[in-house]
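K.L.:
Quick one: structure below, then a few questions.
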Amino acid sequence: MMVNSESQRDSSVSRRVGLAIGTGLALTVALTACSGSVSIGGSSPPATPATSAPSAPTPSSPSTSAPQPKGTGELLDTEKLNGLIAAKVETLAPGVTAVVDCPTDIRGQQGVTFDCPATINGQPLVVAVKQKDDQGNVSYQAQSSILFLDQVREKTATQLAAQIPGNWTTTCNPEGAAGGIYVATPGTTFTCSVSGTSADGSPESGQIVVTVKDVDGNISWKLVPNSGSLVDA
């Protein structure tokens, strides 16, 4: 089946098919956004700058002390934050395994940001954290989109059928995906194969390229020229 219209070959309509971290609901997936504002204040005394007069000079020696925690307030309970973020992801996407490893040397200081390395089903992810005050109240947002591949397949096939009548199946297996989940930064592209029958019963096939548009699970797709009978020769 030949396609003659450029509008039929290219879909720029956003389709939200993933776990939306830091924004609103994931369209038609019935998942709330995996963002949060939580309190992770610790109990250690605040770090204060020294104000006493300098002591008498002493012979210099190599420093062996550990790096001082960043910030001026209490040492934050980032172990708690690890658990909160992981639990939020695993609640919104049952069956996935989320591991978060925030740095342990962060003290409370309004406006300070830090990154927490994480994995979801073994795929790397960075979670950006911002301190809202110096009392351990923070917000967090993932810097990648967490796509549900079954939703990618379903929505691209449905939209393709609306443009080219037929019965289509889309197969997407991007490299690194695991457990039906694909973690990808905005701008990432991957290819899915398309097969099925047109409205007149003719077998057809082709490929689409999917582009991850943002961290909220929005994608766009277009048919690959000359990848099969679904596109113009």
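By order in the structure tokens, chains are A, B, ...; within a chain, residues start at 1; ligands start at 1, following the order shown.
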With a distance cut-off of 8 Å and only C-alpha atoms, select the neighbouring residues of Ala157 in chain A, excluding the residue or stretch itself and same-chain residues fewer than 4 positions from it, and output the selection as a PyMOL selection string.

P.N.:
chain A and resi 153+161+168-170+194

K.L.:
Keeping only C-alpha atoms, write those residues as an mmCIF file, in the first residue's frame.

P.N.:
data_model
loop_
_atom_site.group_PDB
_atom_site.id
_atom_site.type_symbol
_atom_site.label_atom_id
_atom_site.label_comp_id
_atom_site.auth_asym_id
_atom_site.auth_seq_id
_atom_site.Cartn_x
_atom_site.Cartn_y
_atom_site.Cartn_z
ATOM 1 C CA ARG A 153 3.316 -0.109 20.737
ATOM 2 C CA ALA A 161 -4.298 2.898 11.710
ATOM 3 C CA TRP A 168 -1.206 -2.962 12.401
ATOM 4 C CA THR A 169 1.164 -4.362 14.982
ATOM 5 C CA THR A 170 4.133 -2.354 16.208
ATOM 6 C CA VAL A 194 5.416 -2.351 11.814
#

K.L.:
Pick out each residue of range 129-214 of chain A that DSSP on the backbone tags as strand (DSSP E or B); I need them as a ChimeraX atom specification.

P.N.:
/A:129-131,137-142,145-148,166-172,178,181-184,189-198,203-212

K.L.:
Just to confirm, what's the straight-line distance from CA of Thr188 in chain A to CA of Thr211 in chain A in Å (one decimal)?

P.N.:
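Answer for the CA of Thr188 in chain A to CA of Thr211 in chain A separation: 5.8 Å.
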
K.L.:
Can you list, as an NGL selection string, every protein, DNA or RNA residue that comes within 10 Å of Val100 in chain A when you count only C-alpha atoms, leaving out same-chain residues fewer than 6 positions away?

P.N.:
:A and (78-79 or 81-87 or 116-120 or 124-127)

K.L.:
Selection from above, N, CA and C atoms, as a CSV table (one decimal), in the first residue's frame, can you write it?

P.N.:
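Contents of the output file part_3.csv:
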chain,number,residue,atom,x,y,z
A,78,THR,N,19.6,11.7,53.3
A,78,THR,CA,19.4,11.3,52.0
A,78,THR,C,19.1,9.8,51.8
A,79,GLU,N,19.4,9.0,52.8
A,79,GLU,CA,19.0,7.6,52.8
A,79,GLU,C,17.5,7.5,52.8
A,81,LEU,N,15.6,9.8,51.5
A,81,LEU,CA,15.2,10.2,50.2
A,81,LEU,C,15.3,9.1,49.2
A,82,ASN,N,16.4,8.3,49.3
A,82,ASN,CA,16.6,7.2,48.4
A,82,ASN,C,15.3,6.3,48.4
A,83,GLY,N,14.9,6.0,49.6
A,83,GLY,CA,13.7,5.1,49.8
A,83,GLY,C,12.5,5.7,49.3
A,84,LEU,N,12.3,7.0,49.5
A,84,LEU,CA,11.0,7.7,49.1
A,84,LEU,C,10.9,7.7,47.6
A,85,ILE,N,12.0,8.0,46.9
A,85,ILE,CA,12.0,8.1,45.4
A,85,ILE,C,11.7,6.7,44.9
A,86,ALA,N,12.5,5.7,45.4
A,86,ALA,CA,12.4,4.3,44.8
A,86,ALA,C,10.9,3.8,45.1
A,87,ALA,N,10.4,4.1,46.3
A,87,ALA,CA,9.0,3.6,46.6
A,87,ALA,C,8.0,4.2,45.7
A,116,CYS,N,20.9,12.7,42.2
A,116,CYS,CA,20.9,11.4,42.8
A,116,CYS,C,21.0,10.4,41.6
A,117,PRO,N,22.1,9.6,41.5
A,117,PRO,CA,22.1,8.5,40.5
A,117,PRO,C,21.1,7.5,40.9
A,118,ALA,N,20.5,6.9,39.9
A,118,ALA,CA,19.5,5.8,40.1
A,118,ALA,C,19.5,4.8,39.0
A,119,THR,N,18.9,3.7,39.2
A,119,THR,CA,18.6,2.8,38.1
A,119,THR,C,17.2,2.3,38.2
A,120,ILE,N,16.5,2.0,37.1
A,120,ILE,CA,15.2,1.4,37.0
A,120,ILE,C,15.3,0.2,36.1
A,124,PRO,N,20.2,3.3,33.8
A,124,PRO,CA,20.6,4.5,34.5
A,124,PRO,C,19.7,5.6,34.4
A,125,LEU,N,19.5,6.4,35.5
A,125,LEU,CA,18.7,7.5,35.5
A,125,LEU,C,19.3,8.5,36.5
A,126,VAL,N,19.1,9.8,36.2
A,126,VAL,CA,19.5,10.8,37.2
A,126,VAL,C,18.3,11.5,37.7
A,127,VAL,N,18.2,11.7,39.0
A,127,VAL,CA,17.1,12.4,39.6
A,127,VAL,C,17.7,13.7,40.2

K.L.:
Could you work out how far CA of Asn226 in chain A lies from CA of Thr197 in chain A, giving the answer in Å with one decimal?

P.N.:
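If I compute the distance from CA of Thr197 in chain A to CA of Asn226 in chain A, I get 17.8 Å.
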
K.L.:
Which residue is closest to Tyr182 in chain A? Choose from A:Gly95, A:Gly217, A:Pro103, A:Gly228 and count only C-alpha atoms.

P.N.:
A:Gly217

K.L.:
Just the number, please: distance in Å from CA of Thr113 in chain A to CA of Lys130 in chain A, one decimal.

P.N.:
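Straight-line distance from CA of Thr113 in chain A to CA of Lys130 in chain A works out to 4.4 Å.
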
K.L.:
Using only C-alpha atoms, which residue out of A:Lys155, A:Ala128, A:Gly180, A:Gly166 lies closest to Ala199 in chain A?

P.N.:
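Among the listed residues, the smallest separation from Ala199 in chain A belongs to A:Gly166.
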
K.L.:
Can you work out which one of A:Phe148, A:Asp77, A:Glu90, A:Asp133 has the shortest atom-to-atom distance to Ile106 in chain A, counting only C-alpha atoms?

P.N.:
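Looking only at the distances to Ile106 in chain A, the closest residue turns out to be A:Asp77.
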
K.L.:
Which neighbours of Thr191 in chain A fall inside 12 Å, counting only C-alpha atoms, when residues of the same chain fewer than 5 positions from it are skipped, and could you give them as a list in words?

P.N.:
Val152, Arg153, Thr156, Thr170, Thr171, Cys172, Asn173, Pro174, Glu175, Gly206, Gln207, Ile208, Val209, Val210, Thr211, Val212, Ser220, Trp221, Lys222, Leu223, Val224 and Ser227 of chain A
